[in-house]
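Q: This is entry.csv (CSV, C-alpha atoms and all ligand atoms).
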chain,number,residue,atom,x,y,z
F,26,MET,CA,41.8,-14.0,-17.2
F,27,ASN,CA,40.9,-13.2,-13.7
F,28,LYS,CA,38.1,-15.3,-12.3
F,29,LYS,CA,35.0,-13.6,-10.8
F,30,VAL,CA,34.9,-13.5,-7.0
F,31,VAL,CA,32.4,-15.3,-4.8
F,32,PHE,CA,32.1,-14.6,-1.1
F,33,SER,CA,29.8,-16.1,1.6
F,34,GLY,CA,29.8,-16.8,5.3
F,35,VAL,CA,28.1,-18.8,8.0
F,36,GLN,CA,27.8,-17.9,11.6
F,37,PRO,CA,29.0,-20.4,14.2
F,38,SER,CA,26.0,-19.3,16.3
F,39,GLY,CA,24.8,-22.9,16.8
F,40,SER,CA,25.1,-26.3,15.2
F,41,LEU,CA,24.3,-25.9,11.5
F,42,THR,CA,20.8,-26.9,10.2
F,43,LEU,CA,19.5,-28.6,7.1
F,44,GLY,CA,18.4,-25.0,6.2
F,45,ASN,CA,22.0,-23.8,6.3
F,46,TYR,CA,23.0,-26.8,4.2
F,47,ILE,CA,20.3,-26.6,1.5
F,48,GLY,CA,20.2,-22.7,1.3
F,49,ALA,CA,23.9,-22.2,1.5
F,50,LEU,CA,26.7,-24.8,2.0
F,51,ARG,CA,25.4,-27.2,-0.6
F,52,ASN,CA,25.7,-24.5,-3.3
F,53,PHE,CA,29.1,-23.3,-2.2
F,54,GLY,CA,31.0,-26.3,-3.6
F,55,GLU,CA,29.4,-26.0,-7.1
F,56,LEU,CA,31.0,-22.6,-7.5
F,57,GLN,CA,34.6,-23.3,-6.7
F,58,ASN,CA,35.7,-24.5,-10.1
F,59,GLU,CA,34.4,-21.5,-11.9
F,60,TYR,CA,35.0,-18.7,-9.4
F,61,ASP,CA,37.6,-17.4,-7.0
F,62,CYS,CA,35.7,-18.3,-3.8
F,63,TYR,CA,36.1,-17.0,-0.2
F,64,TYR,CA,34.1,-18.8,2.4
F,65,CYS,CA,34.3,-17.3,5.9
F,66,VAL,CA,33.3,-18.5,9.3
F,67,VAL,CA,31.7,-15.3,10.6
F,68,ASP,CA,32.5,-15.5,14.3
F,69,MET,CA,32.2,-11.7,14.8
F,70,HIS,CA,28.6,-11.9,13.6
F,71,ALA,CA,27.9,-14.7,16.1
F,72,ILE,CA,28.7,-12.6,19.1
F,73,THR,CA,25.7,-10.2,18.3
F,74,VAL,CA,23.7,-12.7,20.4
F,75,PRO,CA,24.9,-14.2,23.7
F,76,GLN,CA,27.6,-16.9,23.3
F,77,ILE,CA,29.7,-19.0,25.6
F,78,ALA,CA,33.3,-18.5,24.6
F,79,LYS,CA,34.3,-22.2,24.8
F,80,ASP,CA,31.3,-23.3,22.7
F,81,LEU,CA,32.0,-20.5,20.2
F,82,ARG,CA,35.5,-21.8,19.7
F,83,LYS,CA,34.3,-25.3,19.2
F,84,ARG,CA,31.6,-24.4,16.8
F,85,THR,CA,33.9,-22.2,14.7
F,86,LEU,CA,36.0,-25.3,14.0
F,87,ASP,CA,32.8,-27.3,13.5
F,88,VAL,CA,31.7,-24.9,10.7
F,89,LEU,CA,35.2,-25.1,9.1
F,90,ALA,CA,35.1,-28.9,9.2
F,91,LEU,CA,31.6,-28.8,7.8
F,92,TYR,CA,32.6,-26.6,4.9
F,93,ILE,CA,35.2,-29.2,3.9
F,94,ALA,CA,32.8,-32.1,4.6
F,95,CYS,CA,30.2,-30.4,2.3
F,96,GLY,CA,32.6,-30.4,-0.5
F,97,LEU,CA,34.7,-27.3,-0.2
F,98,ASP,CA,38.3,-27.9,-1.3
F,99,PRO,CA,40.8,-25.7,0.6
F,100,GLU,CA,43.1,-25.9,-2.5
F,101,LYS,CA,40.4,-24.2,-4.5
F,102,SER,CA,38.5,-22.0,-2.1
F,103,THR,CA,39.9,-19.7,0.6
F,104,LEU,CA,38.5,-20.9,3.9
F,105,PHE,CA,39.0,-18.6,6.9
F,106,VAL,CA,37.8,-17.2,10.2
F,107,GLN,CA,36.4,-13.7,10.1
F,108,SER,CA,38.1,-12.5,13.3
F,109,HIS,CA,41.5,-13.5,11.9
F,110,VAL,CA,41.3,-10.7,9.3
F,111,PRO,CA,40.9,-7.4,11.2
F,112,ALA,CA,40.2,-5.6,8.0
F,113,HIS,CA,36.6,-6.8,8.3
F,114,ALA,CA,36.0,-4.8,11.5
F,115,GLU,CA,38.0,-1.8,10.1
F,116,LEU,CA,36.0,-1.5,6.9
F,117,SER,CA,32.8,-2.0,8.9
F,118,TRP,CA,33.6,1.1,10.9
F,119,VAL,CA,34.1,3.2,7.8
F,120,LEU,CA,30.9,1.8,6.2
F,121,ASN,CA,29.0,2.7,9.4
F,122,THR,CA,29.7,6.3,8.5
F,123,VAL,CA,27.8,6.0,5.2
F,124,THR,CA,24.9,4.0,6.6
F,125,TYR,CA,21.6,5.6,7.4
F,126,MET,CA,20.0,4.6,10.7
F,127,GLY,CA,16.6,4.4,8.9
F,128,GLN,CA,18.0,1.7,6.7
F,129,LEU,CA,19.1,-0.4,9.6
F,130,ASN,CA,15.8,0.1,11.3
F,131,ARG,CA,14.0,-1.5,8.4
F,132,MET,CA,16.1,-4.8,8.5
F,133,THR,CA,13.7,-7.7,9.1
F,134,GLN,CA,16.3,-9.9,10.7
F,135,PHE,CA,17.0,-7.2,13.3
F,136,LYS,CA,13.3,-6.7,14.0
F,137,GLU,CA,12.7,-10.5,14.4
F,138,LYS,CA,15.8,-11.1,16.6
F,139,SER,CA,15.0,-8.0,18.8
F,140,ARG,CA,11.4,-9.2,19.2
F,141,LYS,CA,12.7,-12.6,20.5
F,142,SER,CA,15.2,-11.1,22.9
F,143,ASP,CA,14.1,-10.1,26.5
F,144,GLU,CA,17.5,-8.5,27.3
F,145,ASN,CA,18.7,-5.0,26.4
F,146,LEU,CA,19.6,-5.1,22.7
F,147,ASN,CA,23.2,-4.5,21.8
F,148,ALA,CA,24.3,-2.2,19.0
F,149,GLY,CA,26.1,-5.0,17.3
F,150,LEU,CA,22.8,-6.7,16.4
F,151,PHE,CA,21.7,-3.4,14.9
F,152,THR,CA,24.9,-2.8,12.8
F,153,TYR,CA,25.3,-6.5,11.9
F,154,PRO,CA,24.3,-5.8,8.2
F,155,VAL,CA,27.1,-3.2,7.9
F,156,LEU,CA,29.7,-5.8,9.0
F,157,MET,CA,28.2,-8.2,6.5
F,158,ALA,CA,28.6,-5.5,3.8
F,159,ALA,CA,32.2,-5.1,4.8
F,160,ASP,CA,32.8,-8.9,4.6
F,161,ILE,CA,31.5,-8.9,1.0
F,162,LEU,CA,33.0,-5.6,-0.3
F,163,LEU,CA,36.5,-6.2,1.0
F,164,TYR,CA,37.0,-8.9,-1.6
F,165,GLN,CA,35.6,-7.0,-4.6
F,166,THR,CA,33.0,-9.7,-4.7
F,167,ASP,CA,30.9,-10.3,-7.8
F,168,PHE,CA,28.5,-12.9,-6.4
F,169,VAL,CA,27.2,-13.8,-3.0
F,170,PRO,CA,25.5,-17.2,-2.6
F,171,VAL,CA,23.0,-17.0,0.2
F,172,GLY,CA,19.6,-18.2,1.3
F,173,GLU,CA,16.5,-16.0,0.7
F,174,ASP,CA,16.6,-14.6,4.3
F,175,GLN,CA,19.8,-12.7,3.5
F,176,LYS,CA,18.5,-10.9,0.4
F,177,GLN,CA,17.7,-7.7,2.3
F,178,HIS,CA,21.2,-7.6,3.8
F,179,LEU,CA,22.7,-8.0,0.4
F,180,GLU,CA,20.7,-5.1,-0.9
F,181,LEU,CA,22.2,-3.0,1.8
F,182,ALA,CA,25.7,-4.1,0.8
F,183,ARG,CA,25.0,-3.0,-2.8
F,184,ASP,CA,23.6,0.2,-1.6
F,185,LEU,CA,26.6,1.0,0.6
F,186,ALA,CA,29.0,0.2,-2.2
F,187,GLU,CA,27.2,2.5,-4.6
F,188,ARG,CA,26.9,5.3,-2.0
F,189,PHE,CA,30.6,5.1,-1.1
F,190,ASN,CA,31.6,5.0,-4.8
F,191,ASN,CA,29.5,8.1,-5.5
F,192,LYS,CA,30.8,10.0,-2.5
F,193,TYR,CA,34.5,9.1,-2.9
F,194,SER,CA,34.9,7.7,-6.5
F,195,GLU,CA,34.9,4.1,-7.8
F,196,THR,CA,36.2,1.8,-5.0
F,197,PHE,CA,33.9,-1.2,-4.6
F,198,LYS,CA,32.5,-3.7,-7.0
F,199,VAL,CA,28.7,-3.8,-6.5
F,200,PRO,CA,27.9,-7.5,-5.7
F,201,GLU,CA,25.0,-9.6,-7.0
F,202,PRO,CA,23.1,-12.2,-4.9
F,203,LEU,CA,23.1,-15.8,-6.0
F,204,ILE,CA,19.9,-17.3,-4.6
F,205,LYS,CA,18.7,-20.6,-5.8
F,206,GLU,CA,15.0,-20.5,-6.8
F,207,PHE,CA,14.3,-23.8,-5.2
F,208,GLY,CA,15.2,-24.6,-1.5
F,209,ALA,CA,16.4,-21.1,-0.7
F,210,ARG,CA,14.1,-20.9,2.3
F,211,ILE,CA,13.7,-24.1,4.3
F,212,MET,CA,11.0,-23.6,6.9
F,213,SER,CA,10.8,-24.6,10.6
F,214,LEU,CA,9.3,-28.1,11.1
F,215,GLN,CA,7.2,-26.8,13.9
F,216,ASN,CA,6.0,-23.6,12.3
F,217,PRO,CA,6.2,-23.8,8.6
F,218,LEU,CA,5.6,-20.0,8.3
F,219,SER,CA,8.9,-19.1,9.8
F,220,LYS,CA,12.4,-20.2,8.6
F,221,MET,CA,14.3,-23.1,10.0
F,222,SER,CA,16.9,-21.4,12.3
F,223,LYS,CA,19.8,-22.9,14.3
F,224,SER,CA,19.0,-20.6,17.3
F,225,ASP,CA,15.3,-21.8,17.5
F,226,SER,CA,14.5,-22.6,21.1
F,227,ASP,CA,12.5,-25.7,20.0
F,228,GLU,CA,14.9,-28.4,18.9
F,229,ASN,CA,12.1,-30.1,17.0
F,230,ALA,CA,11.9,-27.1,14.7
F,231,TYR,CA,15.1,-28.0,12.9
F,232,ILE,CA,17.2,-30.9,11.7
F,233,LEU,CA,20.9,-30.5,12.3
F,234,ILE,CA,23.4,-31.6,9.7
F,235,LEU,CA,25.0,-33.7,12.5
F,236,ASP,CA,21.8,-35.1,13.9
F,237,ASP,CA,21.8,-38.9,14.3
F,238,LYS,CA,19.4,-41.2,12.5
F,239,ASP,CA,16.9,-41.5,15.4
F,240,SER,CA,16.7,-37.8,15.9
F,241,ILE,CA,16.1,-37.2,12.2
F,242,ARG,CA,13.3,-39.9,12.2
F,243,ARG,CA,11.7,-38.5,15.3
F,244,LYS,CA,11.8,-34.8,14.2
F,245,ILE,CA,10.3,-35.6,10.8
F,246,LYS,CA,7.6,-37.7,12.4
F,247,ARG,CA,6.7,-34.8,14.6
F,248,ALA,CA,6.8,-32.2,11.9
F,249,VAL,CA,3.7,-30.1,11.7
F,250,THR,CA,1.5,-30.8,8.7
F,251,ASP,CA,-2.3,-30.3,8.4
F,252,SER,CA,-5.6,-32.2,8.6
F,253,GLU,CA,-6.1,-32.5,4.8
F,254,GLY,CA,-4.6,-36.0,4.8
F,255,VAL,CA,-3.5,-36.0,1.2
F,256,VAL,CA,0.1,-35.4,0.0
F,257,ALA,CA,-0.1,-32.4,-2.3
F,258,TYR,CA,2.1,-29.4,-3.0
F,259,SER,CA,0.2,-26.3,-2.2
F,260,ASP,CA,0.5,-23.0,-0.3
F,261,GLU,CA,-2.6,-24.2,1.7
F,262,GLN,CA,-0.4,-27.0,3.1
F,263,PRO,CA,2.8,-25.1,4.0
F,264,GLY,CA,4.2,-27.8,6.3
F,265,LEU,CA,3.9,-30.5,3.7
F,266,LYS,CA,5.2,-28.2,1.0
F,267,ASN,CA,8.3,-27.6,3.0
F,268,LEU,CA,8.8,-31.4,3.5
F,269,ILE,CA,8.4,-32.0,-0.2
F,270,ASN,CA,10.9,-29.3,-1.0
F,271,ILE,CA,13.4,-31.0,1.3
F,272,TYR,CA,12.7,-34.4,-0.3
F,273,SER,CA,13.1,-32.9,-3.7
F,274,VAL,CA,16.4,-31.2,-3.1
F,275,LEU,CA,18.0,-34.1,-1.4
F,276,SER,CA,16.7,-36.8,-3.7
F,277,SER,CA,17.1,-34.7,-6.9
F,278,GLU,CA,13.6,-35.8,-7.9
F,279,ASP,CA,11.1,-33.3,-9.1
F,280,VAL,CA,8.1,-32.3,-7.0
F,281,GLU,CA,5.5,-33.9,-9.4
F,282,THR,CA,7.2,-37.3,-9.2
F,283,ILE,CA,7.2,-37.2,-5.4
F,284,VAL,CA,3.6,-36.0,-5.1
F,285,LYS,CA,2.4,-38.7,-7.5
F,286,ARG,CA,4.2,-41.4,-5.5
F,287,TYR,CA,2.6,-40.5,-2.2
F,288,GLU,CA,-0.8,-39.0,-3.1
F,289,SER,CA,-2.6,-42.1,-2.1
F,290,GLU,CA,-0.3,-43.1,0.7
F,291,GLY,CA,-1.0,-40.6,3.4
F,292,TYR,CA,1.5,-38.6,5.5
F,293,GLY,CA,3.0,-41.5,7.5
F,294,LYS,CA,4.7,-43.3,4.7
F,295,PHE,CA,5.8,-40.1,3.1
F,296,LYS,CA,7.5,-38.9,6.3
F,297,GLU,CA,9.1,-42.3,6.9
F,298,ASP,CA,10.7,-42.2,3.4
F,299,LEU,CA,11.7,-38.6,3.7
F,300,ALA,CA,13.6,-39.4,6.9
F,301,GLU,CA,15.6,-42.0,5.0
F,302,VAL,CA,16.3,-39.5,2.2
F,303,VAL,CA,17.6,-37.0,4.7
F,304,ILE,CA,19.7,-39.6,6.5
F,305,ALA,CA,21.2,-40.8,3.3
F,306,GLY,CA,21.8,-37.2,2.1
F,307,LEU,CA,23.6,-36.3,5.3
F,308,ALA,CA,25.5,-39.6,5.9
F,309,PRO,CA,28.6,-38.8,3.7
F,310,ILE,CA,28.9,-35.3,5.2
F,311,GLN,CA,28.7,-36.7,8.8
F,312,ALA,CA,31.3,-39.3,8.0
F,313,THR,CA,33.8,-36.8,6.6
F,314,TYR,CA,33.1,-34.4,9.4
F,315,ALA,CA,33.8,-37.1,12.0
F,316,ASN,CA,37.3,-37.7,10.5
F,317,LEU,CA,38.1,-34.0,10.2
F,318,ILE,CA,37.1,-32.7,13.5
F,319,ASN,CA,39.8,-34.8,15.2
F,320,SER,CA,42.4,-33.5,12.9
F,321,LYS,CA,43.0,-30.2,14.7
F,322,ASP,CA,46.4,-29.6,13.1
F,323,TYR,CA,44.9,-29.9,9.6
F,324,LEU,CA,42.1,-27.5,10.4
F,325,GLU,CA,44.6,-25.1,12.0
F,326,LYS,CA,46.7,-25.2,8.8
F,327,ILE,CA,43.6,-24.5,6.6
F,328,TYR,CA,42.4,-21.5,8.6
F,329,LYS,CA,45.9,-20.0,9.0
F,330,GLU,CA,46.7,-20.2,5.2
F,331,GLY,CA,43.1,-19.1,4.4
F,332,ALA,CA,43.5,-16.0,6.6
F,333,ASP,CA,46.9,-15.1,5.1
F,334,LYS,CA,45.4,-15.2,1.6
F,335,ALA,CA,42.2,-13.4,2.5
F,336,GLU,CA,44.1,-10.7,4.4
F,337,TYR,CA,46.3,-10.0,1.4
F,338,HIS,CA,43.2,-9.2,-0.8
F,339,ALA,CA,41.3,-7.5,2.0
F,340,MET,CA,44.1,-5.1,2.7
F,341,LYS,CA,44.3,-4.0,-0.9
F,342,THR,CA,40.7,-2.8,-0.6
F,343,LEU,CA,41.1,-1.3,2.9
F,344,ARG,CA,44.2,0.7,1.8
F,345,LYS,CA,42.2,2.2,-1.0
F,346,VAL,CA,39.3,3.0,1.3
F,347,TYR,CA,41.6,4.7,3.9
F,348,LYS,CA,43.2,6.7,1.2
F,349,LYS,CA,39.9,7.9,-0.2
F,350,VAL,CA,38.4,8.9,3.2
F,351,GLY,CA,41.6,10.9,4.1
F,352,PHE,CA,43.5,8.7,6.6
F,353,ILE,CA,47.3,9.2,6.6
F,354,PRO,CA,49.2,6.0,5.8
F,355,ARG,CA,51.4,4.7,8.6
F,356,ARG,CA,54.3,4.0,6.3
V,401,LIG,N1,16.1,-21.9,6.7
V,401,LIG,C1,17.0,-21.6,5.8
V,401,LIG,N2,16.7,-21.9,4.5
V,401,LIG,C2,17.7,-21.6,3.5
V,401,LIG,N3,18.8,-21.0,3.8
V,401,LIG,C3,19.1,-20.7,5.1
V,401,LIG,N4,20.2,-20.0,5.6
V,401,LIG,C4,19.9,-19.9,7.0
V,401,LIG,N5,18.7,-20.5,7.3
V,401,LIG,C5,18.2,-20.9,6.1
V,401,LIG,C6,21.3,-19.6,4.9
V,401,LIG,O1,22.5,-20.1,5.6
V,401,LIG,C7,23.6,-19.2,5.5
V,401,LIG,C8,24.2,-19.0,6.8
V,401,LIG,O2,23.4,-18.4,7.6
V,401,LIG,P1,23.9,-17.7,8.9
V,401,LIG,O3,24.4,-18.7,9.9
V,401,LIG,O4,25.0,-16.8,8.6
V,401,LIG,O5,22.8,-16.9,9.5
V,401,LIG,P2,21.3,-17.0,9.5
V,401,LIG,O6,20.8,-16.8,8.1
V,401,LIG,O7,20.7,-16.1,10.5
V,401,LIG,O8,21.0,-18.5,9.8
V,401,LIG,P3,20.2,-19.1,11.1
V,401,LIG,O9,20.3,-20.6,11.0
V,401,LIG,O10,18.9,-18.5,11.1
V,401,LIG,O11,21.1,-18.6,12.3
V,401,LIG,P4,20.7,-17.8,13.6
V,401,LIG,O12,19.6,-18.7,14.2
V,401,LIG,O13,22.0,-17.8,14.4
V,401,LIG,O14,20.3,-16.5,13.2
V,401,LIG,C9,23.0,-18.0,4.9
V,401,LIG,O15,23.3,-17.9,3.5
V,401,LIG,C10,21.5,-18.1,5.0
V,401,LIG,O16,20.8,-17.4,4.0
Would you kindly transcribe this structure into structure tokens?

A:
Amino acid sequence: MNKKVVFSGVQPSGSLTLGNYIGALRNFGELQNEYDCYYCVVDMHAITVPQIAKDLRKRTLDVLALYIACGLDPEKSTLFVQSHVPAHAELSWVLNTVTYMGQLNRMTQFKEKSRKSDENLNAGLFTYPVLMAADILLYQTDFVPVGEDQKQHLELARDLAERFNNKYSETFKVPEPLIKEFGARIMSLQNPLSKMSKSDSDENAYILILDDKDSIRRKIKRAVTDSEGVVAYSDEQPGLKNLINIYSVLSSEDVETIVKRYESEGYGKFKEDLAEVVIAGLAPIQATYANLINSKDYLEKIYKEGADKAEYHAMKTLRKVYKKVGFIPRR
């Protein structure tokens, strides 16, 4: 029996954060025994905001190494780089022609990123969700594990699949999101009302998967909390709630147990212990990453084989799409 298909991707737009890990990477590995998984390093998405070419190349390999360090097995999952499979850009173009401008105008991520940018906005930032839809639909994906922030983009992918199917006949599978209820939205340590983001200009706002122990301790110590002074899990104390969520996910302890332990301790002790929980949670990933990142030949072999396998499946879908829209096959 054919396994159901899982697709997800991470942008090499900065060094990956604890938010990326908890909301996405951590869950990828759990799926690879049951599903046919495609995990992509989406470098074409990353250039929708300014990048330095040499850094982008380095970070693309970093994300690949982190995929493996977080438990992805290249024997089980297809790991590849988006720009190595041109079908992503090609399908994206076709999907652009069934996308309404009004839909893209409503995308929260576009609104937020355009608000932050002083420069002239590029069209790629606007059409980013269409490329993301192409990424997903090319593999006839059943499930997409993502953080909460990507829910709206996934809705668009579903919508485009249905619209294309209605217009041209059944072509794409309509994908479902896989969003964990807990930990799907890790918030900034400096502003607990906005999500932790790798492109935040304030480095105290995020913890990186590769941060050293001292940085982790320092950032958690400086994390914004409140003046209540009592460790409790409530929407009135969003900073603390976020820290408790991180503690809970990484220690596998439930929220009640954690709150009970620290309710009469104050924030200082809680933060100190949380830092140690984060350090311990990230240590094995950091150790594996350190080994892998120097094995350039191995990483090259993984992304080459991954692209070959991904391309084979992507081209099957693209050929169908080209036929349906009326393009003449080259041979
Ligand atoms: N704060 C977060 N909490 C939970 N999940 C998160 N993800 C991102 N931030 C959080 C999930 O990580 C995956 C990869 O995200 P991405 O790199 O493709 O893009 P993003 O969502 O835009 O992540 P960033 O860190 O905010 O990147 P920049 O700053 O470059 O835009 C996705 O599954 C996402 O849900």

Q: Show me which residues are within 8 Å of ligand LIG 401 (chain V) counting all atoms listed in the file, and format the list as a JSON list (two decimals) with C-alpha atoms, in the frame of the given file.

A:
[["chain", "number", "residue", "atom", "x", "y", "z"],
["F", 33, "SER", "CA", 29.80, -16.10, 1.60],
["F", 34, "GLY", "CA", 29.80, -16.80, 5.30],
["F", 35, "VAL", "CA", 28.10, -18.80, 8.00],
["F", 36, "GLN", "CA", 27.80, -17.90, 11.60],
["F", 37, "PRO", "CA", 29.00, -20.40, 14.20],
["F", 38, "SER", "CA", 26.00, -19.30, 16.30],
["F", 39, "GLY", "CA", 24.80, -22.90, 16.80],
["F", 41, "LEU", "CA", 24.30, -25.90, 11.50],
["F", 42, "THR", "CA", 20.80, -26.90, 10.20],
["F", 43, "LEU", "CA", 19.50, -28.60, 7.10],
["F", 44, "GLY", "CA", 18.40, -25.00, 6.20],
["F", 45, "ASN", "CA", 22.00, -23.80, 6.30],
["F", 46, "TYR", "CA", 23.00, -26.80, 4.20],
["F", 47, "ILE", "CA", 20.30, -26.60, 1.50],
["F", 48, "GLY", "CA", 20.20, -22.70, 1.30],
["F", 49, "ALA", "CA", 23.90, -22.20, 1.50],
["F", 50, "LEU", "CA", 26.70, -24.80, 2.00],
["F", 67, "VAL", "CA", 31.70, -15.30, 10.60],
["F", 70, "HIS", "CA", 28.60, -11.90, 13.60],
["F", 71, "ALA", "CA", 27.90, -14.70, 16.10],
["F", 134, "GLN", "CA", 16.30, -9.90, 10.70],
["F", 138, "LYS", "CA", 15.80, -11.10, 16.60],
["F", 170, "PRO", "CA", 25.50, -17.20, -2.60],
["F", 171, "VAL", "CA", 23.00, -17.00, 0.20],
["F", 172, "GLY", "CA", 19.60, -18.20, 1.30],
["F", 173, "GLU", "CA", 16.50, -16.00, 0.70],
["F", 174, "ASP", "CA", 16.60, -14.60, 4.30],
["F", 175, "GLN", "CA", 19.80, -12.70, 3.50],
["F", 176, "LYS", "CA", 18.50, -10.90, 0.40],
["F", 208, "GLY", "CA", 15.20, -24.60, -1.50],
["F", 209, "ALA", "CA", 16.40, -21.10, -0.70],
["F", 210, "ARG", "CA", 14.10, -20.90, 2.30],
["F", 211, "ILE", "CA", 13.70, -24.10, 4.30],
["F", 212, "MET", "CA", 11.00, -23.60, 6.90],
["F", 213, "SER", "CA", 10.80, -24.60, 10.60],
["F", 220, "LYS", "CA", 12.40, -20.20, 8.60],
["F", 221, "MET", "CA", 14.30, -23.10, 10.00],
["F", 222, "SER", "CA", 16.90, -21.40, 12.30],
["F", 223, "LYS", "CA", 19.80, -22.90, 14.30],
["F", 224, "SER", "CA", 19.00, -20.60, 17.30],
["F", 225, "ASP", "CA", 15.30, -21.80, 17.50]]

Q: Using all atoms listed in the file, which residue out of F:Ile241, F:Val249, F:Pro200, F:Ser194 lies closest to Leu214 in chain F?

A: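 Counting all atoms listed in the file, the residue closest to Leu214 in chain F is F:Val249.
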
Q: Please determine the residues with any atom at most 10 Å from (32.1, -28.8, 4.5) (coordinates as given in the file, with only C-alpha atoms counting) and report them as a list in words.

A: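 Returned residue set, sorted by chain then number, is Tyr46, Leu50, Arg51, Phe53, Gly54, Asp87, Val88, Leu89, Ala90, Leu91, Tyr92, Ile93, Ala94, Cys95, Gly96, Leu97, Asp98, Ile310, Gln311, Thr313, Tyr314 and Leu317 of chain F.
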
Q: In Å, how far is it from CA of Glu297 in chain F to CA of Ile245 in chain F?

A: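 Calculated distance between CA of Glu297 in chain F and CA of Ile245 in chain F is 7.8 Å.
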
Q: Enter the distance from CA of Ile271 in chain F to CA of Glu201 in chain F, in Å, rounded to one decimal.

A: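 Calculated distance between CA of Ile271 in chain F and CA of Glu201 in chain F is 25.7 Å.
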
Q: Which one is closest to His109 in chain F: F:Tyr347, F:Tyr328, F:Tyr63, F:Tyr337? Count all atoms listed in the file.

A: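 Among the listed residues, the smallest separation from His109 in chain F belongs to F:Tyr328.
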
Q: Of the candidates F:Asn191, F:Leu116, F:Val74, F:Glu290, which one gets nearest to Leu146 in chain F if we count only C-alpha atoms?

A: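 The shortest atom-to-atom distance to Leu146 in chain F comes from F:Val74.
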
Q: Leaving out Glu301 in chain F and any residue of its chain fewer than 4 positions from it, which residues lie within 10 Å of it when counting all atoms listed in the file, given as a list in words?

A: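 Surrounding residues, per the criterion: Lys238, Ile241, Arg242, Tyr272, Lys296, Glu297, Ala305, Gly306 and Leu307 of chain F.
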
Q: Can you list, as an mmCIF file with C-alpha atoms, in the coordinates of the input, every protein, DNA or RNA residue that comes within 7 Å of Ala112 in chain F when you count all atoms listed in the file, leaving out same-chain residues fewer than 6 positions away?

A:
data_model
loop_
_atom_site.group_PDB
_atom_site.id
_atom_site.type_symbol
_atom_site.label_atom_id
_atom_site.label_comp_id
_atom_site.auth_asym_id
_atom_site.auth_seq_id
_atom_site.Cartn_x
_atom_site.Cartn_y
_atom_site.Cartn_z
ATOM 1 C CA ALA F 339 41.300 -7.500 2.000
ATOM 2 C CA MET F 340 44.100 -5.100 2.700
ATOM 3 C CA LEU F 343 41.100 -1.300 2.900
#

Q: So what do you get for CA of Pro111 in chain F versus CA of Thr124 in chain F, distance-wise?

A: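 Between CA of Pro111 in chain F and CA of Thr124 in chain F the gap is 20.2 Å.
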
Q: For Val110 in chain F, which of F:Tyr258, F:Tyr193, F:Phe352, F:Tyr164 is the closest residue, counting all atoms listed in the file?

A: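 Of F:Tyr258, F:Tyr193, F:Phe352, F:Tyr164, the one nearest Val110 in chain F is F:Tyr164, counting all atoms listed in the file.
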
Q: Which residue gives the smallest distance to Gly264 in chain F among F:Ala248, F:Leu81, F:Ile283, F:Ile232, with all atoms listed in the file counted?

A: F:Ala248

Q: Counting all atoms listed in the file, which of F:Asn229, F:Asn27, F:Ser277, F:Ser289 gets nearest to Gly254 in chain F?

A: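 When distances to Gly254 in chain F are compared using all atoms listed in the file, the smallest one comes from F:Ser289.
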
Q: What residues have an atom no more than 12 Å from (22.1, 4.1, 8.2) in the file's own frame, counting all atoms listed in the file, and can you write them as a PyMOL selection string?

A: chain F and resi 120-132+151-155+181-182+184-185+188
